[in-house]
file protein.cif (mmCIF, C-alpha atoms)
data_query
loop_
_atom_site.group_PDB
_atom_site.id
_atom_site.type_symbol
_atom_site.label_atom_id
_atom_site.label_comp_id
_atom_site.auth_asym_id
_atom_site.auth_seq_id
_atom_site.Cartn_x
_atom_site.Cartn_y
_atom_site.Cartn_z
ATOM 1 C CA MET A 1 59.375 -49.002 -90.763
ATOM 2 C CA PRO A 2 58.213 -50.337 -94.149
ATOM 3 C CA ILE A 3 56.945 -53.899 -94.275
ATOM 4 C CA LYS A 4 56.978 -55.780 -97.555
ATOM 5 C CA GLY A 5 54.910 -58.836 -98.275
ATOM 6 C CA VAL A 6 52.260 -60.634 -100.268
ATOM 7 C CA VAL A 7 48.612 -61.665 -99.858
ATOM 8 C CA THR A 8 47.919 -65.207 -101.068
ATOM 9 C CA SER A 9 44.683 -66.725 -102.325
ATOM 10 C CA THR A 10 43.171 -70.099 -103.145
ATOM 11 C CA ALA A 11 40.323 -71.226 -105.367
ATOM 12 C CA TYR A 12 38.390 -74.480 -105.467
ATOM 13 C CA ARG A 13 37.945 -76.253 -108.788
ATOM 14 C CA SER A 14 35.801 -79.358 -108.777
ATOM 15 C CA GLY A 15 37.498 -82.602 -109.709
ATOM 16 C CA SER A 16 36.927 -86.132 -108.574
ATOM 17 C CA ALA A 17 35.082 -86.672 -105.308
ATOM 18 C CA THR A 18 38.284 -87.838 -103.639
ATOM 19 C CA ASP A 19 40.760 -85.439 -105.214
ATOM 20 C CA PRO A 20 39.368 -81.975 -105.987
ATOM 21 C CA THR A 21 41.740 -79.348 -107.327
ATOM 22 C CA ILE A 22 42.592 -76.300 -105.235
ATOM 23 C CA LEU A 23 44.414 -73.564 -107.098
ATOM 24 C CA ALA A 24 46.925 -71.152 -105.577
ATOM 25 C CA GLY A 25 47.176 -67.472 -106.411
ATOM 26 C CA TYR A 26 47.323 -63.951 -105.021
ATOM 27 C CA TYR A 27 44.934 -61.082 -104.342
ATOM 28 C CA GLN A 28 45.357 -58.034 -106.558
ATOM 29 C CA GLY A 29 43.809 -54.798 -105.304
ATOM 30 C CA ALA A 30 43.525 -55.835 -101.636
ATOM 31 C CA LEU A 31 44.087 -53.215 -98.937
ATOM 32 C CA VAL A 32 46.783 -53.863 -96.330
ATOM 33 C CA CYS A 33 47.044 -51.839 -93.123
ATOM 34 C CA VAL A 34 47.654 -51.871 -89.399
ATOM 35 C CA ASP A 35 44.116 -52.261 -88.043
ATOM 36 C CA LEU A 36 44.613 -49.816 -85.180
ATOM 37 C CA ASN A 37 40.975 -49.841 -84.051
ATOM 38 C CA ASN A 38 40.524 -53.606 -84.577
ATOM 39 C CA ASN A 39 37.348 -53.165 -86.612
ATOM 40 C CA GLY A 40 38.360 -55.564 -89.390
ATOM 41 C CA LYS A 41 38.597 -52.829 -92.020
ATOM 42 C CA CYS A 42 41.351 -50.716 -93.523
ATOM 43 C CA ASP A 43 40.070 -47.227 -92.768
ATOM 44 C CA PRO A 44 41.412 -44.232 -94.742
ATOM 45 C CA ASP A 45 43.251 -42.829 -91.709
ATOM 46 C CA GLU A 46 45.110 -46.147 -91.366
ATOM 47 C CA LYS A 47 46.822 -45.329 -94.687
ATOM 48 C CA PRO A 48 46.518 -48.744 -96.334
ATOM 49 C CA ALA A 49 48.755 -50.056 -99.080
ATOM 50 C CA VAL A 50 47.254 -51.734 -102.152
ATOM 51 C CA THR A 51 48.513 -55.054 -103.509
ATOM 52 C CA ASP A 52 49.750 -55.114 -107.100
ATOM 53 C CA HIS A 53 48.994 -57.678 -109.823
ATOM 54 C CA THR A 54 51.351 -60.160 -108.126
ATOM 55 C CA GLY A 55 49.749 -59.694 -104.706
ATOM 56 C CA HIS A 56 52.745 -57.778 -103.324
ATOM 57 C CA PHE A 57 52.632 -54.656 -101.165
ATOM 58 C CA THR A 58 54.881 -52.260 -99.282
ATOM 59 C CA LEU A 59 53.290 -50.888 -96.129
ATOM 60 C CA ALA A 60 54.640 -47.876 -94.266
ATOM 61 C CA VAL A 61 53.896 -48.772 -90.651
ATOM 62 C CA PRO A 62 53.350 -45.652 -88.519
ATOM 63 C CA ALA A 63 55.928 -45.001 -85.845
ATOM 64 C CA LEU A 64 54.569 -45.308 -82.336
ATOM 65 C CA HIS A 65 55.197 -41.624 -81.591
ATOM 66 C CA SER A 66 53.106 -40.623 -84.625
ATOM 67 C CA THR A 67 49.906 -42.218 -83.330
ATOM 68 C CA SER A 68 47.705 -41.289 -80.399
ATOM 69 C CA LEU A 69 47.637 -44.923 -79.291
ATOM 70 C CA PRO A 70 49.831 -46.250 -76.490
ATOM 71 C CA VAL A 71 52.383 -48.942 -77.314
ATOM 72 C CA SER A 72 50.167 -51.648 -75.776
ATOM 73 C CA ALA A 73 47.246 -50.715 -78.041
ATOM 74 C CA MET A 74 49.473 -50.665 -81.110
ATOM 75 C CA MET A 75 50.809 -54.137 -80.338
ATOM 76 C CA ALA A 76 47.264 -55.405 -79.656
ATOM 77 C CA SER A 77 46.353 -54.653 -83.268
ATOM 78 C CA HIS A 78 47.188 -56.764 -86.312
ATOM 79 C CA ILE A 79 48.284 -56.182 -89.851
ATOM 80 C CA ILE A 80 45.304 -57.140 -91.977
ATOM 81 C CA ALA A 81 44.518 -57.699 -95.629
ATOM 82 C CA ASP A 82 41.086 -56.219 -96.341
ATOM 83 C CA ILE A 83 40.043 -58.111 -99.477
ATOM 84 C CA GLY A 84 37.043 -56.342 -100.943
ATOM 85 C CA THR A 85 34.917 -57.020 -103.993
ATOM 86 C CA ARG A 86 37.137 -54.723 -106.075
ATOM 87 C CA ALA A 87 40.038 -57.130 -105.598
ATOM 88 C CA ILE A 88 40.937 -59.883 -108.058
ATOM 89 C CA ASN A 89 41.802 -63.476 -107.187
ATOM 90 C CA THR A 90 44.614 -64.296 -109.604
ATOM 91 C CA ALA A 91 44.031 -68.038 -109.111
ATOM 92 C CA THR A 92 40.907 -67.677 -111.257
ATOM 93 C CA ARG A 93 41.388 -64.164 -112.693
ATOM 94 C CA THR A 94 37.964 -63.214 -111.346
ATOM 95 C CA TRP A 95 36.642 -60.489 -109.068
ATOM 96 C CA VAL A 96 36.256 -61.382 -105.413
ATOM 97 C CA GLY A 97 32.603 -62.149 -104.759
ATOM 98 C CA GLN A 98 32.570 -61.679 -100.980
ATOM 99 C CA ARG A 99 34.690 -59.498 -98.704
ATOM 100 C CA ASN A 100 37.253 -61.335 -96.610
ATOM 101 C CA VAL A 101 39.899 -60.344 -94.077
ATOM 102 C CA PHE A 102 43.153 -62.124 -93.218
ATOM 103 C CA ARG A 103 45.435 -61.155 -90.330
ATOM 104 C CA ALA A 104 49.105 -61.449 -89.462
ATOM 105 C CA SER A 105 50.373 -61.219 -85.885
ATOM 106 C CA TRP A 106 53.329 -59.091 -84.821
ATOM 107 C CA GLY A 107 55.226 -62.290 -84.059
ATOM 108 C CA GLN A 108 54.962 -63.186 -87.727
ATOM 109 C CA VAL A 109 55.959 -59.660 -88.730
ATOM 110 C CA GLU A 110 59.153 -60.006 -86.705
ATOM 111 C CA GLU A 111 59.848 -63.385 -88.301
ATOM 112 C CA GLN A 112 59.142 -62.382 -91.920
ATOM 113 C CA ARG A 113 59.835 -58.634 -91.926
ATOM 114 C CA GLU A 114 60.931 -58.379 -95.577
ATOM 115 C CA ASN A 115 58.617 -61.077 -96.916
ATOM 116 C CA LEU A 116 55.419 -61.100 -94.861
ATOM 117 C CA VAL A 117 52.869 -63.631 -96.139
ATOM 118 C CA ILE A 118 49.286 -62.727 -95.218
ATOM 119 C CA SER A 119 47.063 -65.725 -95.834
ATOM 120 C CA PRO A 120 44.254 -67.817 -94.354
ATOM 121 C CA LEU A 121 46.975 -69.694 -92.461
ATOM 122 C CA SER A 122 48.427 -66.522 -90.935
ATOM 123 C CA ALA A 123 44.889 -65.519 -89.943
ATOM 124 C CA GLU A 124 44.354 -68.905 -88.318
ATOM 125 C CA VAL A 125 47.549 -68.552 -86.283
ATOM 126 C CA ALA A 126 46.310 -65.158 -85.036
ATOM 127 C CA ARG A 127 42.903 -66.635 -84.194
ATOM 128 C CA MET A 128 44.437 -69.597 -82.353
ATOM 129 C CA MET A 129 46.633 -67.264 -80.304
ATOM 130 C CA GLU A 130 43.508 -65.482 -79.061
ATOM 131 C CA ALA A 131 41.347 -68.578 -78.617
ATOM 132 C CA ASP A 132 43.965 -70.562 -76.702
ATOM 133 C CA ASP A 133 45.865 -67.652 -75.105
ATOM 134 C CA ALA A 134 48.883 -69.119 -76.880
ATOM 135 C CA SER A 135 52.182 -67.692 -78.043
ATOM 136 C CA PHE A 136 52.927 -67.162 -81.716
ATOM 137 C CA GLU A 137 55.344 -70.097 -81.788
ATOM 138 C CA SER A 138 52.913 -72.410 -80.006
ATOM 139 C CA ALA A 139 50.008 -71.552 -82.325
ATOM 140 C CA LYS A 140 52.226 -72.010 -85.377
ATOM 141 C CA GLN A 141 53.406 -75.405 -84.130
ATOM 142 C CA ASN A 142 49.829 -76.524 -83.438
ATOM 143 C CA LEU A 143 48.629 -75.500 -86.891
ATOM 144 C CA ALA A 144 51.572 -77.266 -88.513
ATOM 145 C CA ALA A 145 50.770 -80.439 -86.563
ATOM 146 C CA ARG A 146 47.144 -80.195 -87.680
ATOM 147 C CA MET A 147 48.261 -80.241 -91.325
ATOM 148 C CA SER A 148 51.197 -82.625 -90.791
ATOM 149 C CA VAL A 149 53.629 -80.144 -92.337
ATOM 150 C CA PRO A 150 56.900 -78.696 -90.975
ATOM 151 C CA ALA A 151 56.366 -75.704 -88.689
ATOM 152 C CA GLY A 152 58.965 -73.785 -90.668
ATOM 153 C CA THR A 153 56.816 -73.843 -93.804
ATOM 154 C CA VAL A 154 53.315 -73.298 -92.406
ATOM 155 C CA LEU A 155 53.395 -69.520 -92.991
ATOM 156 C CA GLU A 156 55.299 -69.527 -96.269
ATOM 157 C CA ASP A 157 53.827 -68.552 -99.640
ATOM 158 C CA VAL A 158 51.656 -71.510 -100.654
ATOM 159 C CA ASN A 159 52.367 -70.721 -104.318
ATOM 160 C CA THR A 160 56.038 -71.583 -103.962
ATOM 161 C CA VAL A 161 56.275 -73.952 -100.997
ATOM 162 C CA GLY A 162 57.527 -77.504 -101.455
ATOM 163 C CA PRO A 163 57.458 -80.482 -101.489
ATOM 164 C CA ARG A 164 54.196 -81.180 -103.307
ATOM 165 C CA ALA A 165 52.588 -83.017 -100.372
ATOM 166 C CA THR A 166 53.201 -79.989 -98.156
ATOM 167 C CA MET A 167 51.732 -77.633 -100.756
ATOM 168 C CA LYS A 168 48.656 -79.833 -101.154
ATOM 169 C CA ALA A 169 48.028 -79.944 -97.396
ATOM 170 C CA MET A 170 48.459 -76.177 -97.059
ATOM 171 C CA LEU A 171 46.174 -75.483 -100.023
ATOM 172 C CA ALA A 172 43.415 -77.697 -98.634
ATOM 173 C CA GLU A 173 43.609 -76.076 -95.198
ATOM 174 C CA SER A 174 43.849 -72.571 -96.667
ATOM 175 C CA ASN A 175 40.762 -73.044 -98.812
ATOM 176 C CA GLY A 176 38.660 -74.261 -95.897
ATOM 177 C CA LEU A 177 39.910 -71.485 -93.633
ATOM 178 C CA SER A 178 39.216 -68.867 -96.295
ATOM 179 C CA ASN A 179 35.557 -69.899 -96.322
ATOM 180 C CA ARG A 180 35.385 -69.714 -92.528
ATOM 181 C CA PHE A 181 36.900 -66.246 -92.402
ATOM 182 C CA ALA A 182 34.589 -65.047 -95.179
ATOM 183 C CA TYR A 183 31.666 -66.188 -93.034
ATOM 184 C CA ALA A 184 33.165 -64.311 -90.067
ATOM 185 C CA VAL A 185 33.290 -61.099 -92.112
ATOM 186 C CA THR A 186 29.691 -61.646 -93.225
ATOM 187 C CA LYS A 187 28.626 -61.816 -89.577
ATOM 188 C CA LEU A 188 30.608 -58.658 -88.855
ATOM 189 C CA ASP A 189 29.339 -56.642 -91.818
ATOM 190 C CA ARG A 190 25.666 -57.454 -91.273
ATOM 191 C CA GLY A 191 25.914 -56.619 -87.550
ATOM 192 C CA ASP A 192 25.054 -60.010 -86.082
ATOM 193 C CA LEU A 193 24.466 -59.957 -82.340
ATOM 194 C CA TYR A 194 26.975 -61.718 -80.116
ATOM 195 C CA PRO A 195 26.884 -64.425 -78.975
ATOM 196 C CA ASP A 196 24.752 -66.303 -81.481
ATOM 197 C CA ALA A 197 21.227 -67.134 -80.343
ATOM 198 C CA LEU A 198 21.960 -70.832 -79.967
ATOM 199 C CA ALA A 199 24.772 -69.995 -77.542
ATOM 200 C CA VAL A 200 22.443 -67.929 -75.317
ATOM 201 C CA PRO A 201 20.091 -69.564 -72.785
ATOM 202 C CA GLY A 202 16.626 -68.984 -74.144
ATOM 203 C CA GLY A 203 17.899 -68.008 -77.570
ATOM 204 C CA ASP A 204 16.163 -71.031 -79.059
ATOM 205 C CA PRO A 205 12.643 -71.822 -77.718
ATOM 206 C CA ARG A 206 13.372 -75.515 -78.202
ATOM 207 C CA LEU A 207 15.900 -75.233 -75.359
ATOM 208 C CA ASN A 208 13.192 -74.421 -72.775
ATOM 209 C CA GLY A 209 13.389 -76.852 -69.902
ATOM 210 C CA LYS A 210 17.058 -77.581 -70.461
ATOM 211 C CA VAL A 211 19.623 -76.853 -67.781
ATOM 212 C CA GLY A 212 19.751 -73.126 -67.044
ATOM 213 C CA VAL A 213 16.926 -72.260 -69.447
ATOM 214 C CA THR A 214 13.484 -71.207 -68.241
ATOM 215 C CA PRO A 215 10.554 -69.419 -69.881
ATOM 216 C CA GLU A 216 11.736 -66.300 -68.039
ATOM 217 C CA THR A 217 15.223 -66.382 -69.522
ATOM 218 C CA ALA A 218 13.703 -67.112 -72.903
ATOM 219 C CA THR A 219 11.614 -63.934 -72.829
ATOM 220 C CA THR A 220 13.956 -61.462 -71.152
ATOM 221 C CA SER A 221 15.120 -58.501 -73.214
ATOM 222 C CA ASP A 222 18.025 -59.173 -75.534
ATOM 223 C CA THR A 223 21.121 -57.463 -74.126
ATOM 224 C CA ARG A 224 23.516 -58.720 -76.780
ATOM 225 C CA LYS A 225 25.552 -56.235 -78.790
ATOM 226 C CA PRO A 226 26.754 -56.258 -82.408
ATOM 227 C CA ILE A 227 29.600 -58.684 -82.884
ATOM 228 C CA THR A 228 33.149 -57.334 -82.978
ATOM 229 C CA PHE A 229 35.768 -58.317 -85.528
ATOM 230 C CA ARG A 230 37.638 -60.583 -83.134
ATOM 231 C CA GLN A 231 34.437 -62.146 -81.824
ATOM 232 C CA SER A 232 33.343 -62.901 -85.383
ATOM 233 C CA GLN A 233 36.656 -64.655 -86.067
ATOM 234 C CA GLN A 234 36.008 -67.050 -83.184
ATOM 235 C CA ALA A 235 32.268 -67.406 -83.826
ATOM 236 C CA ALA A 236 32.884 -68.615 -87.383
ATOM 237 C CA PHE A 237 34.645 -71.637 -85.909
ATOM 238 C CA ASN A 238 31.864 -72.327 -83.416
ATOM 239 C CA ILE A 239 28.760 -71.990 -85.554
ATOM 240 C CA GLU A 240 26.545 -74.196 -83.413
ATOM 241 C CA GLY A 241 27.482 -72.484 -80.148
ATOM 242 C CA ILE A 242 29.187 -75.685 -79.018
ATOM 243 C CA PRO A 243 32.710 -75.526 -77.552
ATOM 244 C CA ARG A 244 35.463 -76.698 -79.861
ATOM 245 C CA TYR A 245 37.566 -79.275 -78.057
ATOM 246 C CA ASP A 246 41.256 -79.910 -78.648
ATOM 247 C CA HIS A 247 41.054 -83.401 -77.145
ATOM 248 C CA VAL A 248 38.299 -85.921 -76.456
ATOM 249 C CA PHE A 249 38.994 -88.676 -73.935
ATOM 250 C CA VAL A 250 37.083 -91.964 -74.045
ATOM 251 C CA VAL A 251 37.086 -93.855 -70.744
ATOM 252 C CA MET A 252 36.219 -97.534 -71.089
ATOM 253 C CA LEU A 253 34.736 -99.377 -68.117
ATOM 254 C CA GLU A 254 33.836 -103.061 -68.228
ATOM 255 C CA ASN A 255 32.859 -106.194 -66.310
ATOM 256 C CA LYS A 256 29.690 -104.689 -64.822
ATOM 257 C CA ALA A 257 26.170 -104.732 -66.229
ATOM 258 C CA THR A 258 24.478 -101.377 -66.811
ATOM 259 C CA SER A 259 21.669 -102.400 -64.463
ATOM 260 C CA SER A 260 24.143 -102.823 -61.616
ATOM 261 C CA ILE A 261 25.570 -99.316 -62.134
ATOM 262 C CA MET A 262 22.509 -97.193 -62.905
ATOM 263 C CA ASP A 263 21.287 -95.396 -59.746
ATOM 264 C CA SER A 264 23.681 -97.388 -57.592
ATOM 265 C CA PRO A 265 24.666 -95.566 -54.370
ATOM 266 C CA PHE A 266 28.093 -97.185 -54.757
ATOM 267 C CA ALA A 267 28.778 -95.416 -58.066
ATOM 268 C CA PRO A 268 27.670 -91.811 -57.499
ATOM 269 C CA ARG A 269 30.268 -90.181 -59.747
ATOM 270 C CA ILE A 270 29.588 -92.431 -62.719
ATOM 271 C CA ASN A 271 25.865 -91.756 -62.349
ATOM 272 C CA VAL A 272 26.498 -88.015 -62.558
ATOM 273 C CA PHE A 273 28.122 -88.574 -65.948
ATOM 274 C CA LEU A 274 25.397 -90.979 -67.075
ATOM 275 C CA LYS A 275 22.642 -88.480 -66.316
ATOM 276 C CA ALA A 276 24.489 -85.484 -67.753
ATOM 277 C CA GLY A 277 25.375 -87.117 -71.067
ATOM 278 C CA ASN A 278 23.942 -89.457 -73.655
ATOM 279 C CA GLN A 279 23.707 -93.221 -73.367
ATOM 280 C CA LEU A 280 24.188 -95.466 -76.368
ATOM 281 C CA THR A 281 21.607 -98.031 -75.352
ATOM 282 C CA ASN A 282 21.800 -99.920 -78.642
ATOM 283 C CA TYR A 283 25.594 -100.248 -78.746
ATOM 284 C CA TYR A 284 26.800 -103.786 -78.062
ATOM 285 C CA ALA A 285 30.097 -105.609 -77.762
ATOM 286 C CA THR A 286 31.574 -107.333 -80.771
ATOM 287 C CA GLY A 287 32.345 -110.341 -78.587
ATOM 288 C CA ASN A 288 34.992 -111.603 -76.204
ATOM 289 C CA PRO A 289 37.710 -110.886 -75.157
ATOM 290 C CA SER A 290 37.985 -107.121 -74.555
ATOM 291 C CA GLU A 291 40.611 -106.147 -77.114
ATOM 292 C CA PRO A 292 38.461 -106.551 -80.282
ATOM 293 C CA ASN A 293 35.904 -104.193 -78.740
ATOM 294 C CA TYR A 294 38.537 -101.501 -78.224
ATOM 295 C CA THR A 295 39.752 -101.996 -81.781
ATOM 296 C CA ALA A 296 36.203 -101.662 -83.129
ATOM 297 C CA LEU A 297 35.594 -98.496 -81.110
ATOM 298 C CA GLY A 298 38.864 -96.955 -82.279
ATOM 299 C CA GLY A 299 37.908 -97.761 -85.858
ATOM 300 C CA ALA A 300 34.542 -95.962 -85.463
ATOM 301 C CA ASP A 301 32.598 -99.203 -85.811
#
call {"tool": "encode", "arguments": {"input": "protein.cif", "output": "structure tokens"}}
result
Amino acid sequence: MPIKGVVTSTAYRSGSATDPTILAGYYQGALVCVDLNNNGKCDPDEKPAVTDHTGHFTLAVPALHSTSLPVSAMMASHIIADIGTRAINTATRTWVGQRNVFRASWGQVEEQRENLVISPLSAEVARMMEADDASFESAKQNLAARMSVPAGTVLEDVNTVGPRATMKAMLAESNGLSNRFAYAVTKLDRGDLYPDALAVPGGDPRLNGKVGVTPETATTSDTRKPITFRQSQQAAFNIEGIPRYDHVFVVMLENKATSSIMDSPFAPRINVFLKAGNQLTNYYATGNPSEPNYTALGGAD
């Protein structure tokens, strides 16, 4: 079952502070394969294809009966573009300076069989599917909403997509994602331990005394293992070890002084939140009535 497609690239070119230029292009000399062992590399036995000077490839996908893997393992893999330092970014006509890897899910393969576009956006859809336990369609819709572009165009070739506003949004997102995924591959290739130290109780001595962290947990032997490809993809989007939230809810309460709420036996639940979080003790109302205060808060004042 041959799969034909293209691997797209972007490149940042400095412009004005408010309107930098992001160029579109393709990767020449990238390897494309079915990553059967999910190690983030196109190994020789995975029989990779090589992209031509226009970024195009034709990949002969192995039939299920020709591999030793069960169907479930085959479908758990991804088609990847392994973009090494021998590849060329045609957006700048320069050699790639840092290895990167983009993925495409099987849902995308089914949708684009004869014109598969492997890009930072396709890699982000694959990552979102894993992070959110989401379907291909749901992840694609969410990414499109994030960029304010039609869902039908989010995985198209950014070099040819239109209108211009859609192309600009996709280029900006692609360039940022490309940097994130390059960082993920750096963590993978240098064998970083997972999870990152800041995400592990005791991993940072400054956390001693915090909830769940004691001198004992700070000095126990490190049982972490080298990060896997999929773990690195998620870790690159959670650098500080802090959960990434889809929604943040702000609950506004009024008409009571702080002194009447703090440590009050009549407000036990609110006090749990007050003690668990931060208090903005130098944040004051803009005045009366209530509505201007809500407007100021919504405007980040």
call {"tool": "atom_distance", "arguments": {"input": "protein.cif", "atom1": "CA of Thr8 (chain A)", "atom2": "CA of Ala24 (chain A)"}}
result
7.5 Å
call {"tool": "atom_distance", "arguments": {"input": "protein.cif", "atom1": "CA of Asn282 (chain A)", "atom2": "CA of Thr258 (chain A)"}}
result
12.2 Å
call {"tool": "closest_residue", "arguments": {"input": "protein.cif", "among": "A:Met128, A:Ala91, A:Val34, A:Leu116", "to": "Arg230 (chain A)", "atoms": "all atoms listed in the file"}}
result
A:Met128
call {"tool": "atom_distance", "arguments": {"input": "protein.cif", "atom1": "CA of Val32 (chain A)", "atom2": "CA of Asn175 (chain A)"}}
result
20.3 Å
call {"tool": "closest_residue", "arguments": {"input": "protein.cif", "among": "A:Asn255, A:Ser9, A:Ser77, A:Asn89", "to": "Ser174 (chain A)", "atoms": "only C-alpha atoms"}}
result
A:Ser9
call {"tool": "axis_aligned_box", "arguments": {"input": "protein.cif", "around": "region 146-161 of chain A", "padding_each_side": "6 Å", "output": "lines of an AutoDock Vina configuration file"}}
result
center_x = 53.1
center_y = -75.6
center_z = -96.0
size_x = 23.8
size_y = 26.1
size_z = 28.6
call {"tool": "closest_residue", "arguments": {"input": "protein.cif", "among": "A:Ala165, A:Leu155, A:Val50, A:Ala11", "to": "Gly29 (chain A)", "atoms": "only C-alpha atoms"}}
result
A:Val50
call {"tool": "resolve_selection", "arguments": {"input": "protein.cif", "expression": "the PyMOL selection byres ((chain A and resi 3) around 6)", "output": "PyMOL selection string"}}
result
chain A and resi 2+4+58-59
call {"tool": "resolve_selection", "arguments": {"input": "protein.cif", "expression": "the PyMOL selection byres ((chain A and resi 126) around 9)", "output": "PyMOL selection string"}}
result
chain A and resi 78+103-105+121-125+127-131+136+139
call {"tool": "residues_around", "arguments": {"input": "protein.cif", "residues": "Arg93 (chain A)", "least_positions_apart": "2", "cutoff": "10 Å", "atoms": "all atoms listed in the file", "output": "ChimeraX atom specification"}}
result
/A:25-28,88-91,95-96
call {"tool": "write_last_selection", "arguments": {"input": "protein.cif", "atoms": "C-alpha atoms", "output": "compact mmCIF listing (two decimals), in the coordinates of the input"}}
result
# COMPACT_ATOMS: atom_id res chain seq x y z
CA GLY A 25 47.18 -67.47 -106.41
CA TYR A 26 47.32 -63.95 -105.02
CA TYR A 27 44.93 -61.08 -104.34
CA GLN A 28 45.36 -58.03 -106.56
CA ILE A 88 40.94 -59.88 -108.06
CA ASN A 89 41.80 -63.48 -107.19
CA THR A 90 44.61 -64.30 -109.60
CA ALA A 91 44.03 -68.04 -109.11
CA TRP A 95 36.64 -60.49 -109.07
CA VAL A 96 36.26 -61.38 -105.41
call {"tool": "closest_atom_pairs", "arguments": {"input": "protein.cif", "of": "region 99-142 of chain A", "to": "region 147-152 of chain A", "cutoff": "10 Å", "atoms": "only C-alpha atoms", "output": "CSV"}}
result
residue,atom,partner,partner_atom,distance
A:Glu137,CA,A:Ala151,CA,9.0
A:Ser138,CA,A:Ala151,CA,9.9
A:Ala139,CA,A:Ala151,CA,9.9
A:Lys140,CA,A:Ala151,CA,6.5
A:Gln141,CA,A:Ala151,CA,5.4
A:Asn142,CA,A:Ala151,CA,8.4
call {"tool": "write_last_selection", "arguments": {"input": "protein.cif", "atoms": "C-alpha atoms", "output": "PDB file, keeping the file's coordinate frame"}}
result
ATOM      1  CA  GLU A 137      55.344 -70.097 -81.788  1.00  0.00           C
ATOM      2  CA  SER A 138      52.913 -72.410 -80.006  1.00  0.00           C
ATOM      3  CA  ALA A 139      50.008 -71.552 -82.325  1.00  0.00           C
ATOM      4  CA  LYS A 140      52.226 -72.010 -85.377  1.00  0.00           C
ATOM      5  CA  GLN A 141      53.406 -75.405 -84.130  1.00  0.00           C
ATOM      6  CA  ASN A 142      49.829 -76.524 -83.438  1.00  0.00           C
TER       7      ASN A 142
END
call {"tool": "closest_residue", "arguments": {"input": "protein.cif", "among": "A:Phe249, A:Phe237, A:Tyr183, A:Phe102", "to": "Cys42 (chain A)", "atoms": "only C-alpha atoms"}}
result
A:Phe102
call {"tool": "resolve_selection", "arguments": {"input": "protein.cif", "expression": "the PyMOL selection byres ((chain A and resi 40) around 7)", "output": "ChimeraX atom specification"}}
result
/A:35,38-39,41,101,229
call {"tool": "write_last_selection", "arguments": {"input": "protein.cif", "atoms": "C-alpha atoms", "output": "PDB file, in the coordinates of the input"}}
result
ATOM      1  CA  ASP A  35      44.116 -52.261 -88.043  1.00  0.00           C
ATOM      2  CA  ASN A  38      40.524 -53.606 -84.577  1.00  0.00           C
ATOM      3  CA  ASN A  39      37.348 -53.165 -86.612  1.00  0.00           C
ATOM      4  CA  LYS A  41      38.597 -52.829 -92.020  1.00  0.00           C
ATOM      5  CA  VAL A 101      39.899 -60.344 -94.077  1.00  0.00           C
ATOM      6  CA  PHE A 229      35.768 -58.317 -85.528  1.00  0.00           C
TER       7      PHE A 229
END
